[in-house]
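Colleague: Would you mind keeping the following structure in view while I ask a few things?
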Amino acid sequence: QGVYEEELFVADRAILHPNPVVSEATLFFGAMVERVTIRIYTVQGVLVQSFDYLVEGRETQLDLNGLSSGIYILKYSTTNSKGTFKVIKK
């Protein structure tokens with residue numbers, strides 16, 4: 001007797017949600033990550049925010065309250081992966 005639960009998630013790249021973002025977003029990596037560097041740019045290429053996070057697990061929360069409404073480019077890099085997202089801030 002008992003309940004067996006298993007979480008299986010397969011992704012070849014990270015997932016950012018929700019997008020559009022109101023205040024906070026979650027960056028889910030799909031694999032265990034220890035550290036992530038995040039840079040957020042305007043569409044004109046101007047760096048507006050930069051973060052270095054220690055991650056305990058597969059995801060990290062991003063506080064985007066400091067951004068004005070608009071479209072941004074988020075670039076992330078970990079030891080094993082890197083990628084880019086177009087972020088819409090409401």
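Residues are named by chain letter and number: chains run A, B, ... in the order of the structure tokens, numbers start at 1 in each chain, and ligands are numbered from 1 in the order shown.
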Skip Val22 in chain A itself and residues of its chain fewer than 2 positions away, then list as a list in words all residues within 10 Å of it, counting only C-alpha atoms.

Modeller: Pro18, Asn19, Pro20, Glu24, Ala25, Asp63, Leu64, Asn65, Leu67, Ser69, Ile88, Lys89 and Lys90 of chain A

Colleague: For the residues selected in the previous step, produce a file with C-alpha atoms as an mmCIF file, in the first residue's frame.

Modeller:
data_model
loop_
_atom_site.group_PDB
_atom_site.id
_atom_site.type_symbol
_atom_site.label_atom_id
_atom_site.label_comp_id
_atom_site.auth_asym_id
_atom_site.auth_seq_id
_atom_site.Cartn_x
_atom_site.Cartn_y
_atom_site.Cartn_z
ATOM 1 C CA PRO A 18 4.994 33.354 -17.061
ATOM 2 C CA ASN A 19 5.713 35.462 -20.105
ATOM 3 C CA PRO A 20 4.370 38.190 -20.238
ATOM 4 C CA GLU A 24 8.195 37.761 -10.945
ATOM 5 C CA ALA A 25 9.101 34.948 -13.298
ATOM 6 C CA ASP A 63 12.271 39.612 -9.447
ATOM 7 C CA LEU A 64 11.522 41.864 -12.421
ATOM 8 C CA ASN A 65 9.667 44.595 -10.525
ATOM 9 C CA LEU A 67 11.734 46.925 -15.080
ATOM 10 C CA SER A 69 6.719 47.863 -19.147
ATOM 11 C CA ILE A 88 7.467 40.984 -22.224
ATOM 12 C CA LYS A 89 7.057 43.035 -19.038
ATOM 13 C CA LYS A 90 3.515 44.242 -18.345
#

Colleague: Using only C-alpha atoms, determine which residues lie at most 7 Å from Phe29 in chain A, disregarding the query and same-chain residues fewer than 5 positions distant; provide the list as a list in words.

Modeller: Arg13, Ala14, Ile15, Arg58 and Glu59 of chain A

Colleague: Quick one: pull the distance between CA of Val87 in chain A and CA of Ile73 in chain A, Å, one decimal.

Modeller: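 Distance reported for this atom pair: 6.0 Å.
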
Colleague: Write out as number ranges by chain the set of residues from chain A that DSSP, computed on the backbone, places in strand (DSSP E).

Modeller: A: 15-17, 24-42, 47-63, 70-77, 82-89

Colleague: Could you check which of A:Ile71, A:Gly83, A:Arg39, A:Gly2 is closest to Val21 in chain A, using only C-alpha atoms?

Modeller: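 For Val21 in chain A, the nearest of the candidates is A:Ile71.
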
Colleague: Near Val48 in chain A, counting only C-alpha atoms, which residues have an atom at most 12 Å away, once you skip same-chain residues fewer than 3 positions from it, shown as number ranges by chain?

Modeller: A: 38-45, 51, 64, 66-68, 71-75

Colleague: Nearest to Gly70 in chain A among A:Leu47, A:Gly57, A:Val3, A:Lys86, with distances taken over only C-alpha atoms: which residue is it?

Modeller: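 Of A:Leu47, A:Gly57, A:Val3, A:Lys86, the one nearest Gly70 in chain A, counting only C-alpha atoms, is A:Lys86.
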
Colleague: If you measure from CA of Thr78 in chain A to CA of Val46 in chain A, what distance in Å do you get, rounded to one decimal?

Modeller: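 If I compute the distance from CA of Thr78 in chain A to CA of Val46 in chain A, I get 21.7 Å.
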